[in-house]
>>> print(open('final.txt').read())   # compact mmCIF, C-alpha atoms
# COMPACT_ATOMS: atom_id res chain seq x y z
CA MET K 1 114.22 112.04 108.62
CA ILE K 2 114.00 115.70 107.62
CA SER K 3 114.15 116.86 104.00
CA ASP K 4 112.75 120.41 104.14
CA MET K 5 111.29 122.64 106.82
CA MET K 6 109.76 126.09 106.56
CA PRO K 7 111.53 128.85 108.49
CA GLY K 8 110.05 129.17 111.99
CA THR K 9 108.99 125.49 112.27
CA GLU K 10 111.60 124.56 114.86
CA GLU K 11 110.88 127.67 116.93
CA GLN K 12 107.15 126.82 116.92
CA LEU K 13 107.83 123.26 118.14
CA LEU K 14 110.10 124.48 120.92
CA LYS K 15 107.60 127.13 122.01
CA GLU K 16 104.51 125.00 122.78
CA MET K 17 102.66 121.75 122.23
CA THR K 18 101.82 121.84 118.53
CA SER K 19 99.25 119.90 116.51
CA ALA K 20 100.50 118.51 113.20
CA TYR K 21 98.88 116.32 110.59
CA VAL K 22 99.85 113.83 107.94
CA GLY K 23 97.52 112.89 105.09
CA ILE K 24 96.98 109.20 104.33
CA ASP K 25 95.51 107.94 101.09
CA PRO K 26 92.62 105.52 101.87
CA THR K 27 92.63 103.65 98.54
CA ALA K 28 93.18 100.28 100.36
CA ASP K 29 92.06 98.84 103.70
CA SER K 30 95.66 98.47 104.84
CA LEU K 31 98.70 100.68 105.01
CA HIS K 32 101.88 99.44 103.33
CA ILE K 33 105.45 100.11 104.38
CA GLY K 34 105.61 103.15 102.08
CA HIS K 35 103.24 104.80 104.60
CA LEU K 36 105.47 103.89 107.53
CA VAL K 37 107.76 106.90 107.13
CA SER K 38 105.01 109.46 107.77
CA VAL K 39 103.54 107.24 110.51
CA MET K 40 106.95 107.18 112.22
CA MET K 41 107.04 111.00 111.95
CA LEU K 42 103.72 111.15 113.83
CA LYS K 43 105.01 108.63 116.39
CA HIS K 44 108.19 110.64 117.10
CA PHE K 45 106.08 113.80 117.17
CA GLN K 46 103.72 112.42 119.83
CA ARG K 47 106.62 111.01 121.85
CA ALA K 48 108.14 114.50 121.92
CA GLY K 49 104.95 115.83 123.54
CA HIS K 50 103.14 117.16 120.47
CA ARG K 51 99.69 116.20 119.15
CA PRO K 52 99.48 114.08 115.98
CA ILE K 53 96.50 114.14 113.63
CA ALA K 54 96.12 111.45 110.97
CA LEU K 55 93.95 112.69 108.12
CA VAL K 56 92.36 110.03 105.97
CA GLY K 57 91.81 111.59 102.57
CA GLY K 58 88.28 110.39 101.89
CA ALA K 59 87.53 113.40 99.67
CA THR K 60 90.97 113.85 98.11
CA GLY K 61 91.21 110.06 97.70
CA MET K 62 88.23 110.38 95.36
CA ILE K 63 90.28 112.70 93.13
CA GLY K 64 93.94 111.70 93.13
CA ASP K 65 97.13 113.60 93.75
CA PRO K 66 99.24 114.35 90.62
CA SER K 67 102.50 114.23 92.64
CA MET K 68 104.79 111.43 91.40
CA LYS K 69 101.93 109.92 89.36
CA SER K 70 101.82 109.40 85.63
CA ALA K 71 98.09 108.72 85.41
CA GLU K 72 94.88 109.40 87.30
CA ARG K 73 93.63 106.94 89.90
CA ASN K 74 90.40 105.03 90.29
CA LEU K 75 87.68 106.73 92.32
CA LEU K 76 86.18 105.03 95.40
CA ASP K 77 82.64 105.03 96.80
CA GLU K 78 81.85 106.23 100.34
CA GLU K 79 81.17 102.77 101.80
CA THR K 80 84.60 101.52 100.67
CA LEU K 81 86.28 104.67 102.01
CA ARG K 82 84.66 104.25 105.46
CA HIS K 83 85.70 100.60 105.62
CA ASN K 84 89.27 101.54 104.65
CA GLN K 85 89.31 104.33 107.25
CA ASP K 86 88.30 101.96 110.08
CA CYS K 87 90.99 99.45 109.09
CA ILE K 88 93.65 102.16 108.84
CA LYS K 89 92.77 103.54 112.29
CA ALA K 90 93.17 100.08 113.83
CA GLN K 91 96.65 99.85 112.30
CA LEU K 92 97.63 103.36 113.38
CA ALA K 93 96.64 102.52 116.96
CA ARG K 94 99.72 100.26 117.11
CA PHE K 95 101.89 103.36 116.67
CA LEU K 96 99.88 106.23 118.14
CA ASP K 97 97.95 106.76 121.39
CA PHE K 98 94.38 107.67 120.38
CA ASP K 99 92.57 106.68 123.56
CA SER K 100 94.28 108.25 126.56
CA ASP K 101 93.10 111.48 128.19
CA ALA K 102 96.52 113.09 127.57
CA SER K 103 96.36 116.55 126.00
CA ASN K 104 98.40 115.25 123.05
CA ALA K 105 96.29 112.15 122.34
CA ALA K 106 96.21 111.42 118.61
CA LYS K 107 93.14 112.11 116.49
CA LEU K 108 91.89 110.59 113.22
CA VAL K 109 89.89 112.78 110.86
CA ASN K 110 88.47 112.30 107.36
CA ASN K 111 88.34 115.25 104.98
CA TYR K 112 85.22 113.79 103.37
CA ASP K 113 83.33 114.91 106.50
CA TRP K 114 83.91 118.61 105.79
CA MET K 115 84.04 118.41 101.99
CA LYS K 116 80.92 116.36 101.21
CA ASP K 117 78.44 119.25 101.76
CA TYR K 118 80.66 122.05 100.47
CA SER K 119 79.20 123.26 97.18
CA PHE K 120 81.44 123.82 94.20
CA LEU K 121 80.28 127.44 93.86
CA ASN K 122 81.08 128.21 97.48
CA PHE K 123 84.45 126.49 97.24
CA ILE K 124 85.69 128.40 94.19
CA ARG K 125 84.36 131.66 95.65
CA ASP K 126 85.72 131.20 99.19
CA ILE K 127 88.96 129.34 98.48
CA GLY K 128 89.79 129.51 94.78
CA LYS K 129 90.07 133.30 94.66
CA HIS K 130 92.92 133.34 97.19
CA ILE K 131 95.34 131.19 95.15
CA THR K 132 96.35 132.28 91.64
CA VAL K 133 96.73 129.93 88.68
CA ASN K 134 100.31 131.25 88.29
CA TYR K 135 101.06 130.08 91.85
CA MET K 136 99.56 126.63 91.19
CA MET K 137 101.33 126.23 87.84
CA ALA K 138 104.71 126.91 89.47
CA LYS K 139 104.49 123.75 91.61
CA ASP K 140 106.86 120.95 90.59
CA SER K 141 104.14 118.28 90.72
CA VAL K 142 102.06 120.22 88.19
CA LYS K 143 105.00 121.23 85.97
CA LYS K 144 106.25 117.64 85.74
CA ARG K 145 102.84 116.30 84.73
CA LEU K 146 102.30 119.01 82.11
CA SER K 147 105.78 118.68 80.63
CA ARG K 148 105.50 114.92 80.05
CA GLU K 149 104.96 114.04 76.45
CA SER K 150 101.59 112.46 76.92
CA SER K 151 98.31 112.84 75.12
CA VAL K 152 96.50 112.16 78.42
CA GLY K 153 97.41 115.54 79.93
CA MET K 154 96.07 116.58 83.33
CA SER K 155 92.42 117.02 84.17
CA PHE K 156 91.02 120.03 86.03
CA THR K 157 90.08 117.55 88.79
CA GLU K 158 93.72 116.73 89.45
CA PHE K 159 94.85 120.31 88.96
CA SER K 160 92.48 121.33 91.77
CA TYR K 161 94.02 118.79 94.17
CA GLN K 162 96.41 121.25 95.81
CA LEU K 163 93.51 123.63 96.50
CA LEU K 164 91.64 120.86 98.30
CA GLN K 165 94.71 119.84 100.30
CA GLY K 166 95.29 123.53 101.11
CA TYR K 167 91.71 123.79 102.34
CA ASP K 168 92.22 120.71 104.57
CA PHE K 169 95.14 122.44 106.25
CA MET K 170 93.09 125.62 106.72
CA TYR K 171 90.13 123.65 108.12
CA LEU K 172 92.36 121.85 110.64
CA TYR K 173 94.08 125.15 111.48
CA GLU K 174 90.68 126.67 112.33
CA HIS K 175 89.01 123.66 113.99
CA GLU K 176 91.90 121.72 115.55
CA GLY K 177 94.50 124.44 116.08
CA CYS K 178 96.78 122.57 113.65
CA ARG K 179 99.89 124.62 112.85
CA LEU K 180 102.00 122.11 110.94
CA GLN K 181 101.59 119.67 108.06
CA MET K 182 104.10 116.89 107.48
CA GLY K 183 104.60 114.47 104.59
CA GLY K 184 107.01 113.13 101.99
CA SER K 185 109.19 115.58 100.07
CA ASP K 186 106.94 115.13 96.99
CA GLN K 187 104.18 116.84 99.03
CA TRP K 188 106.09 120.11 99.57
CA GLY K 189 104.10 121.97 96.89
CA ASN K 190 100.72 120.84 98.21
CA ILE K 191 101.65 121.58 101.83
CA THR K 192 102.95 125.07 101.13
CA THR K 193 99.74 125.87 99.21
CA GLY K 194 98.00 125.28 102.56
CA THR K 195 100.34 127.59 104.47
CA GLU K 196 99.81 130.25 101.77
CA LEU K 197 96.01 129.91 101.95
CA ILE K 198 96.09 130.25 105.77
CA ARG K 199 98.26 133.36 105.44
CA ARG K 200 96.16 135.01 102.72
CA LYS K 201 92.67 134.17 103.99
CA LEU K 202 93.14 134.11 107.76
CA GLY K 203 96.34 136.10 108.25
CA GLY K 204 97.67 133.08 110.18
CA GLU K 205 101.09 131.46 110.43
CA ALA K 206 101.42 127.78 109.57
CA TYR K 207 104.37 125.53 108.83
CA ALA K 208 105.58 122.66 106.64
CA LEU K 209 107.99 119.81 107.32
CA THR K 210 108.84 117.00 104.90
CA CYS K 211 110.90 113.83 105.09
CA PRO K 212 113.01 112.43 102.24
CA LEU K 213 111.39 109.90 99.92
CA ILE K 214 112.79 106.51 100.88
CA THR K 215 114.78 104.83 98.12
CA LYS K 216 116.81 101.65 97.80
CA ALA K 217 120.58 101.74 97.35
CA ASP K 218 120.22 100.04 93.95
CA GLY K 219 117.70 102.62 92.75
CA GLY K 220 114.71 100.26 92.98
CA LYS K 221 111.43 101.35 94.58
CA PHE K 222 111.30 100.94 98.36
CA GLY K 223 108.63 98.58 99.67
CA LYS K 224 107.99 96.80 96.38
CA THR K 225 108.69 93.11 95.87
CA GLU K 226 107.99 90.82 92.94
CA SER K 227 104.56 90.16 94.38
CA GLY K 228 103.79 93.87 94.93
CA ASN K 229 103.58 96.08 98.02
CA VAL K 230 104.70 94.92 101.47
CA TRP K 231 101.51 95.47 103.52
CA LEU K 232 101.06 95.89 107.28
CA ASP K 233 97.96 93.66 107.24
CA ARG K 234 98.77 89.97 107.59
CA ARG K 235 96.00 89.10 105.11
CA TYR K 236 98.12 90.60 102.32
CA THR K 237 101.68 90.08 103.63
CA SER K 238 102.20 87.37 106.24
CA PRO K 239 104.36 88.25 109.28
CA TYR K 240 106.95 85.75 107.95
CA LYS K 241 107.16 87.50 104.55
CA PHE K 242 107.18 90.88 106.30
CA TYR K 243 110.10 89.79 108.50
CA GLN K 244 111.95 88.36 105.49
CA PHE K 245 111.61 91.65 103.60
CA TRP K 246 113.55 93.54 106.28
CA LEU K 247 116.00 90.70 106.84
CA ASN K 248 116.97 90.69 103.17
CA VAL K 249 117.67 94.40 102.63
CA SER K 250 121.22 95.36 101.62
CA ASP K 251 123.81 96.49 104.18
CA ALA K 252 123.59 100.09 102.94
CA ASP K 253 119.79 100.10 103.14
CA ALA K 254 119.78 98.45 106.58
CA ALA K 255 122.04 101.21 107.96
CA LYS K 256 119.60 103.81 106.60
CA TYR K 257 116.30 102.10 107.43
CA ILE K 258 117.19 101.30 111.05
CA LYS K 259 117.42 105.06 111.71
CA ILE K 260 113.99 105.69 110.20
CA PHE K 261 111.82 102.70 111.10
CA THR K 262 112.87 101.96 114.70
CA ASP K 263 112.99 103.75 118.05
CA LEU K 264 116.58 102.68 118.72
CA SER K 265 118.91 105.34 120.10
CA GLN K 266 121.77 106.77 118.05
CA ASP K 267 124.27 105.00 120.33
CA GLU K 268 122.63 101.60 119.76
CA ILE K 269 122.55 102.16 116.00
CA GLU K 270 126.21 103.23 115.89
CA THR K 271 127.17 100.07 117.82
CA LEU K 272 125.20 97.89 115.37
CA ILE K 273 126.82 99.60 112.37
CA LYS K 274 130.29 98.88 113.84
CA GLU K 275 129.30 95.23 114.46
CA GLN K 276 128.13 95.01 110.83
CA GLU K 277 131.42 96.41 109.54
CA ALA K 278 133.39 93.92 111.68
CA ALA K 279 131.31 90.87 110.72
CA PRO K 280 128.99 91.63 107.77
CA HIS K 281 128.22 87.91 107.26
CA LEU K 282 126.42 87.85 110.65
CA ARG K 283 124.11 90.69 109.47
CA PRO K 284 123.44 92.22 112.92
CA LEU K 285 121.85 95.32 111.35
CA GLN K 286 119.34 93.39 109.26
CA LYS K 287 118.46 91.04 112.14
CA ARG K 288 117.81 93.89 114.56
CA LEU K 289 115.91 95.94 111.98
CA ALA K 290 113.69 92.95 111.10
CA LYS K 291 113.07 92.25 114.79
CA GLU K 292 112.16 95.83 115.74
CA VAL K 293 109.83 96.48 112.79
CA THR K 294 108.10 93.07 112.93
CA ILE K 295 107.36 93.46 116.66
CA MET K 296 106.18 97.06 116.16
CA VAL K 297 103.83 96.21 113.28
CA HIS K 298 102.75 92.70 114.37
CA SER K 299 103.84 91.29 117.76
CA GLU K 300 106.68 89.56 119.57
CA GLU K 301 104.91 86.22 119.04
CA ASP K 302 104.76 86.84 115.29
CA TYR K 303 108.45 87.78 115.29
CA ASN K 304 109.40 84.59 117.18
CA ALA K 305 107.28 82.51 114.81
CA ALA K 306 108.96 84.15 111.79
CA VAL K 307 112.43 83.38 113.19
CA GLU K 308 111.36 79.80 113.88
CA ALA K 309 109.99 79.49 110.35
CA SER K 310 113.27 80.82 108.92
CA ASN K 311 115.16 78.17 110.92
CA ILE K 312 113.03 75.45 109.35
CA LEU K 313 114.38 76.33 105.93
CA PHE K 314 117.92 77.31 106.85
CA GLY K 315 118.62 75.69 110.23
CA ASN K 316 118.32 72.42 112.13
CA SER K 317 114.79 72.79 113.40
CA THR K 318 112.55 69.93 114.47
CA SER K 319 109.44 68.30 113.06
CA GLU K 320 107.58 69.82 116.03
CA ALA K 321 108.41 73.35 114.81
CA LEU K 322 107.26 72.42 111.31
CA LYS K 323 103.90 71.14 112.58
CA GLN K 324 103.27 74.42 114.40
CA LEU K 325 103.40 76.52 111.23
CA ASP K 326 100.07 77.84 110.00
CA GLU K 327 99.24 77.04 106.38
CA GLN K 328 100.06 80.50 104.97
CA THR K 329 103.48 80.61 106.63
CA LEU K 330 104.23 77.05 105.48
CA LEU K 331 103.46 78.08 101.89
CA ASP K 332 105.48 81.30 102.25
CA VAL K 333 108.50 79.47 103.68
CA PHE K 334 108.51 76.90 100.89
CA ASN K 335 107.49 79.28 98.13
CA GLY K 336 109.58 78.40 95.07
CA VAL K 337 110.53 74.85 96.06
CA PRO K 338 109.47 72.11 93.60
CA GLN K 339 105.90 70.97 94.22
CA PHE K 340 104.06 67.78 93.30
CA GLU K 341 100.35 67.09 93.43
CA VAL K 342 99.27 63.68 94.67
CA ALA K 343 95.75 62.23 94.69
CA ARG K 344 94.23 62.04 98.17
CA GLU K 345 93.03 58.45 97.70
CA ASP K 346 96.65 57.31 97.22
CA ILE K 347 97.57 58.69 100.63
CA GLU K 348 94.44 57.68 102.51
CA ALA K 349 94.90 54.05 101.52
CA GLY K 350 98.50 54.22 102.78
CA ILE K 351 101.45 54.03 100.38
CA LYS K 352 105.09 53.00 100.73
CA ALA K 353 107.50 55.95 100.75
CA ILE K 354 109.55 54.47 97.88
CA GLU K 355 106.47 54.28 95.64
CA LEU K 356 105.20 57.72 96.63
CA PHE K 357 108.52 59.50 95.97
CA THR K 358 109.29 57.79 92.65
CA ASP K 359 106.01 56.75 90.99
CA LYS K 360 103.50 59.33 92.30
CA ALA K 361 105.91 62.27 92.71
CA ALA K 362 109.18 62.18 90.77
CA ILE K 363 111.44 63.39 93.59
CA PHE K 364 113.91 60.59 92.80
CA PRO K 365 114.64 59.40 89.28
CA SER K 366 114.85 55.76 90.36
CA LYS K 367 114.08 53.49 93.32
CA GLY K 368 117.74 52.43 93.41
CA GLU K 369 118.92 56.00 93.96
CA MET K 370 116.34 56.52 96.69
CA ARG K 371 117.42 53.32 98.49
CA LYS K 372 121.05 54.53 98.54
CA LEU K 373 120.06 57.89 100.01
CA VAL K 374 117.87 56.26 102.68
CA GLN K 375 120.81 54.05 103.72
CA SER K 376 123.11 57.09 104.04
CA GLY K 377 120.48 59.01 106.08
CA GLY K 378 119.99 61.62 103.37
CA ILE K 379 116.17 61.75 103.25
CA SER K 380 113.78 63.38 105.74
CA VAL K 381 109.98 63.47 105.73
CA ASN K 382 108.50 66.39 107.68
CA LYS K 383 111.96 66.99 109.20
CA GLU K 384 112.27 63.40 110.50
CA LYS K 385 114.87 61.01 109.05
CA LEU K 386 113.45 58.32 106.80
CA THR K 387 115.09 55.07 107.95
CA ASN K 388 113.07 52.61 105.87
CA GLN K 389 112.07 53.12 102.23
CA ASP K 390 109.04 50.87 102.78
CA MET K 391 107.62 53.02 105.57
CA VAL K 392 103.89 53.51 104.96
CA ILE K 393 102.83 57.13 104.53
CA ASP K 394 99.18 57.95 105.20
CA SER K 395 97.01 60.98 106.00
CA SER K 396 98.06 61.01 109.67
CA LEU K 397 101.44 62.44 108.60
CA LEU K 398 100.05 65.36 106.59
CA LEU K 399 100.76 68.95 107.62
CA ASP K 400 97.57 71.04 107.78
CA GLY K 401 95.80 67.97 106.42
CA LYS K 402 97.22 68.37 102.91
CA TYR K 403 101.02 68.82 102.76
CA LEU K 404 104.06 66.60 103.05
CA LEU K 405 107.59 68.02 103.15
CA VAL K 406 110.41 65.90 101.74
CA GLN K 407 114.05 66.86 102.13
CA ARG K 408 116.85 65.37 100.04
CA GLY K 409 120.26 66.17 101.46
CA LYS K 410 120.64 69.44 103.36
CA LYS K 411 119.21 71.96 100.94
CA ASN K 412 116.80 70.27 98.52
CA TYR K 413 113.17 70.54 99.58
CA TYR K 414 110.04 69.22 97.85
CA LEU K 415 106.46 69.93 98.83
CA LEU K 416 103.76 67.35 98.12
CA ILE K 417 100.27 68.77 97.92
CA ILE K 418 97.52 66.24 98.48
CA LYS K 419 94.48 67.07 96.35
>>> encode(input="final.txt", output="structure tokens")
Amino acid sequence: MISDMMPGTEEQLLKEMTSAYVGIDPTADSLHIGHLVSVMMLKHFQRAGHRPIALVGGATGMIGDPSMKSAERNLLDEETLRHNQDCIKAQLARFLDFDSDASNAAKLVNNYDWMKDYSFLNFIRDIGKHITVNYMMAKDSVKKRLSRESSVGMSFTEFSYQLLQGYDFMYLYEHEGCRLQMGGSDQWGNITTGTELIRRKLGGEAYALTCPLITKADGGKFGKTESGNVWLDRRYTSPYKFYQFWLNVSDADAAKYIKIFTDLSQDEIETLIKEQEAAPHLRPLQKRLAKEVTIMVHSEEDYNAAVEASNILFGNSTSEALKQLDEQTLLDVFNGVPQFEVAREDIEAGIKAIELFTDKAAIFPSKGEMRKLVQSGGISVNKEKLTNQDMVIDSSLLLDGKYLLVQRGKKNYYLLIIK
């Protein structure tokens, strides 16, 4: 998990309980799995007896960090930032101990609290004079933005970002005894600006530690799917979809991710890697990774429900299991299967299966073909075998009051949506 570390960092951590912080961008009211790496760093850090500080960048979030970005970001108002901060703290509490009376209990801070009343004149006089433009221009994040052939360029606002992040580090050094800042390897320039400011202005010693940026074996962006980010909040990514994301990573990625996103010991991981090599089709690495991360982010109940939901699509599950799915998971599980809309009055009056599946929804091209499949036991409705093509289907059979699942053979599913 370590990319770079300033000389003296390890000695500092071995010497005494150390406070370290990670900055989190509050542009949404949920973290996504791209944030999980730095959250896991804080989790390991606290478990090793040190004190983690999560800094929500309320002030810096209003400006935007040029690192790895090709354009400036939208600015947020204070009310939105506070809402996002509260939601992020609730999520972080699943990973970090904020509430105990232990000396290394975690703390959440927001840099807006110490920046909002700091005047521009005072800032450039007190902070700006300690860091030269030459020093700031030498940072990779700045050089990359300036060297891109773009008419947009880089605003002074963004250029000043590393000064603000440096001041955060200095503020936490003075007020929280924070000696270390951690983050992704793209943050190295911003973090070391902080250590330089602490050295020049206060004569203090501070440290930097970064983790590698997580990539996919195929070069694609980690944590992105066709529908966007994989979020920790179930409102944006259901536990089923979250579980499926980890279950479907490649073998190479699974071997890497399980070391970063779980608390499993090296011995356990080595055993799983050997099992994977011996029987890759059983996917023990992906299954364990998906289990550990889903339970950590959501709960064991959510994990069990996600496994059950997967079995509905790929296994021999029962109609009972199907009926227990909530609406969002049902739609996630059957996302991409052919769908038909049927008028509610047709169902409420009661309709024969053979009419519903040929006339109202063209699941079968003809009644004759449907009759043959019924006779051979090849049709199921809501996971129960259809034994009579004239069976009457009414609203009492609907899932969540508006869905009907039809299965033709083993693998062909159709979802009827009653409007």
>>> atom_distance(input="final.txt", atom1="CA of Val293 (chain K)", atom2="CA of Tyr236 (chain K)")
16.8 Å
>>> atom_distance(input="final.txt", atom1="CA of Glu292 (chain K)", atom2="CA of Cys87 (chain K)")
22.5 Å
>>> residues_around(input="final.txt", residues="Ser396 (chain K)", least_positions_apart="5", cutoff="10 Å", atoms="all atoms listed in the file", output="MDAnalysis selection string")
chainID K and resid 347:348 350 401
>>> write_last_selection(input="final.txt", atoms="C-alpha atoms", output="JSON list (two decimals), in the coordinates of the input")
[["chain", "number", "residue", "atom", "x", "y", "z"],
["K", 347, "ILE", "CA", 97.57, 58.69, 100.63],
["K", 348, "GLU", "CA", 94.44, 57.68, 102.51],
["K", 350, "GLY", "CA", 98.50, 54.22, 102.78],
["K", 401, "GLY", "CA", 95.80, 67.97, 106.42]]
>>> atom_distance(input="final.txt", atom1="CA of Pro239 (chain K)", atom2="CA of Asn304 (chain K)")
10.1 Å
>>> closest_residue(input="final.txt", among="K:Val230, K:Ala20, K:Val109, K:Ile53", to="His32 (chain K)", atoms="all atoms listed in the file")
K:Val230
>>> residues_around(input="final.txt", residues="region 217-220 of chain K", least_positions_apart="6", cutoff="10 Å", atoms="only C-alpha atoms", output="list of chain:residue names")
K:Val249, K:Ser250, K:Asp251, K:Ala252, K:Asp253, K:Ala254, K:Lys256
>>> closest_residue(input="final.txt", among="K:Gln162, K:Ser19, K:Thr318, K:Thr271", to="Ile131 (chain K)", atoms="all atoms listed in the file")
K:Gln162
>>> residues_around(input="final.txt", residues="Ser103 (chain K)", least_positions_apart="3", cutoff="12 Å", atoms="all atoms listed in the file", output="list in words")
Met17, Thr18, Ser19, Gln46, Gly49, His50, Arg51, Pro52, Asp97, Phe98, Asp99, Ser100, Ala106 and Lys107 of chain K
>>> closest_residue(input="final.txt", among="K:Ala28, K:Leu373, K:Ala138, K:Met40", to="Phe261 (chain K)", atoms="all atoms listed in the file")
K:Met40
>>> residues_around(input="final.txt", residues="Tyr413 (chain K)", least_positions_apart="6", cutoff="9 Å", atoms="only C-alpha atoms", output="mmCIF file with C-alpha atoms, in the coordinates of the input")
data_model
loop_
_atom_site.group_PDB
_atom_site.id
_atom_site.type_symbol
_atom_site.label_atom_id
_atom_site.label_comp_id
_atom_site.auth_asym_id
_atom_site.auth_seq_id
_atom_site.Cartn_x
_atom_site.Cartn_y
_atom_site.Cartn_z
ATOM 1 C CA LEU K 313 114.380 76.330 105.930
ATOM 2 C CA PHE K 334 108.510 76.900 100.890
ATOM 3 C CA VAL K 337 110.530 74.850 96.060
ATOM 4 C CA PRO K 338 109.470 72.110 93.600
ATOM 5 C CA LEU K 405 107.590 68.020 103.150
ATOM 6 C CA VAL K 406 110.410 65.900 101.740
ATOM 7 C CA GLN K 407 114.050 66.860 102.130
#
>>> residues_around(input="final.txt", residues="Gly204 (chain K)", least_positions_apart="3", cutoff="10 Å", atoms="all atoms listed in the file", output="CSV table (one decimal) with C-alpha atoms, keeping the file's coordinate frame")
chain,number,residue,atom,x,y,z
K,170,MET,CA,93.1,125.6,106.7
K,173,TYR,CA,94.1,125.2,111.5
K,174,GLU,CA,90.7,126.7,112.3
K,179,ARG,CA,99.9,124.6,112.8
K,195,THR,CA,100.3,127.6,104.5
K,196,GLU,CA,99.8,130.2,101.8
K,197,LEU,CA,96.0,129.9,102.0
K,198,ILE,CA,96.1,130.2,105.8
K,199,ARG,CA,98.3,133.4,105.4
K,200,ARG,CA,96.2,135.0,102.7
K,201,LYS,CA,92.7,134.2,104.0
>>> closest_residue(input="final.txt", among="K:Ile2, K:Leu282, K:Val381, K:Leu247", to="Ala306 (chain K)", atoms="only C-alpha atoms")
K:Leu247
>>> closest_residue(input="final.txt", among="K:Ala48, K:Met115, K:Val374, K:Ile258", to="Met391 (chain K)", atoms="only C-alpha atoms")
K:Val374
>>> residues_near_point(input="final.txt", point="(125.1, 92.3, 114.4)", cutoff="6 Å", atoms="all atoms listed in the file", output="PDB file with C-alpha atoms, in the frame of the given file")
ATOM      1  CA  LEU K 272     125.200  97.890 115.370  1.00  0.00           C
ATOM      2  CA  GLU K 275     129.300  95.230 114.460  1.00  0.00           C
ATOM      3  CA  GLN K 276     128.130  95.010 110.830  1.00  0.00           C
ATOM      4  CA  LEU K 282     126.420  87.850 110.650  1.00  0.00           C
ATOM      5  CA  ARG K 283     124.110  90.690 109.470  1.00  0.00           C
ATOM      6  CA  PRO K 284     123.440  92.220 112.920  1.00  0.00           C
ATOM      7  CA  LEU K 285     121.850  95.320 111.350  1.00  0.00           C
TER       8      LEU K 285
END
>>> build_atoms(input="final.txt", residues="region 267-280 of chain K", atoms="N, CA and C atoms", output="short mmCIF file (atom, residue, chain, number, x, y, z; two decimals), in the frame of the given file")
data_model
loop_
_atom_site.label_atom_id
_atom_site.label_comp_id
_atom_site.auth_asym_id
_atom_site.auth_seq_id
_atom_site.Cartn_x
_atom_site.Cartn_y
_atom_site.Cartn_z
N ASP K 267 123.14 105.80 119.81
CA ASP K 267 124.27 105.00 120.33
C ASP K 267 124.11 103.53 119.93
N GLU K 268 122.88 103.01 120.11
CA GLU K 268 122.63 101.60 119.76
C GLU K 268 122.88 101.37 118.27
N ILE K 269 122.41 102.30 117.45
CA ILE K 269 122.55 102.16 116.00
C ILE K 269 124.03 102.21 115.60
N GLU K 270 124.77 103.13 116.19
CA GLU K 270 126.21 103.23 115.89
C GLU K 270 126.93 101.93 116.25
N THR K 271 126.56 101.34 117.40
CA THR K 271 127.17 100.07 117.82
C THR K 271 126.87 98.97 116.81
N LEU K 272 125.60 98.91 116.35
CA LEU K 272 125.20 97.89 115.37
C LEU K 272 125.94 98.08 114.05
N ILE K 273 126.12 99.34 113.63
CA ILE K 273 126.82 99.60 112.37
C ILE K 273 128.27 99.13 112.47
N LYS K 274 128.90 99.35 113.65
CA LYS K 274 130.29 98.88 113.84
C LYS K 274 130.35 97.36 113.82
N GLU K 275 129.36 96.71 114.46
CA GLU K 275 129.30 95.23 114.46
C GLU K 275 129.16 94.73 113.02
N GLN K 276 128.35 95.41 112.23
CA GLN K 276 128.13 95.01 110.83
C GLN K 276 129.43 95.13 110.03
N GLU K 277 130.16 96.21 110.27
CA GLU K 277 131.42 96.41 109.54
C GLU K 277 132.44 95.34 109.92
N ALA K 278 132.42 94.93 111.20
CA ALA K 278 133.39 93.92 111.68
C ALA K 278 133.03 92.52 111.19
N ALA K 279 131.74 92.22 111.11
CA ALA K 279 131.31 90.87 110.72
C ALA K 279 130.05 90.95 109.87
N PRO K 280 130.18 91.44 108.60
CA PRO K 280 128.99 91.63 107.77
C PRO K 280 128.20 90.34 107.52
#
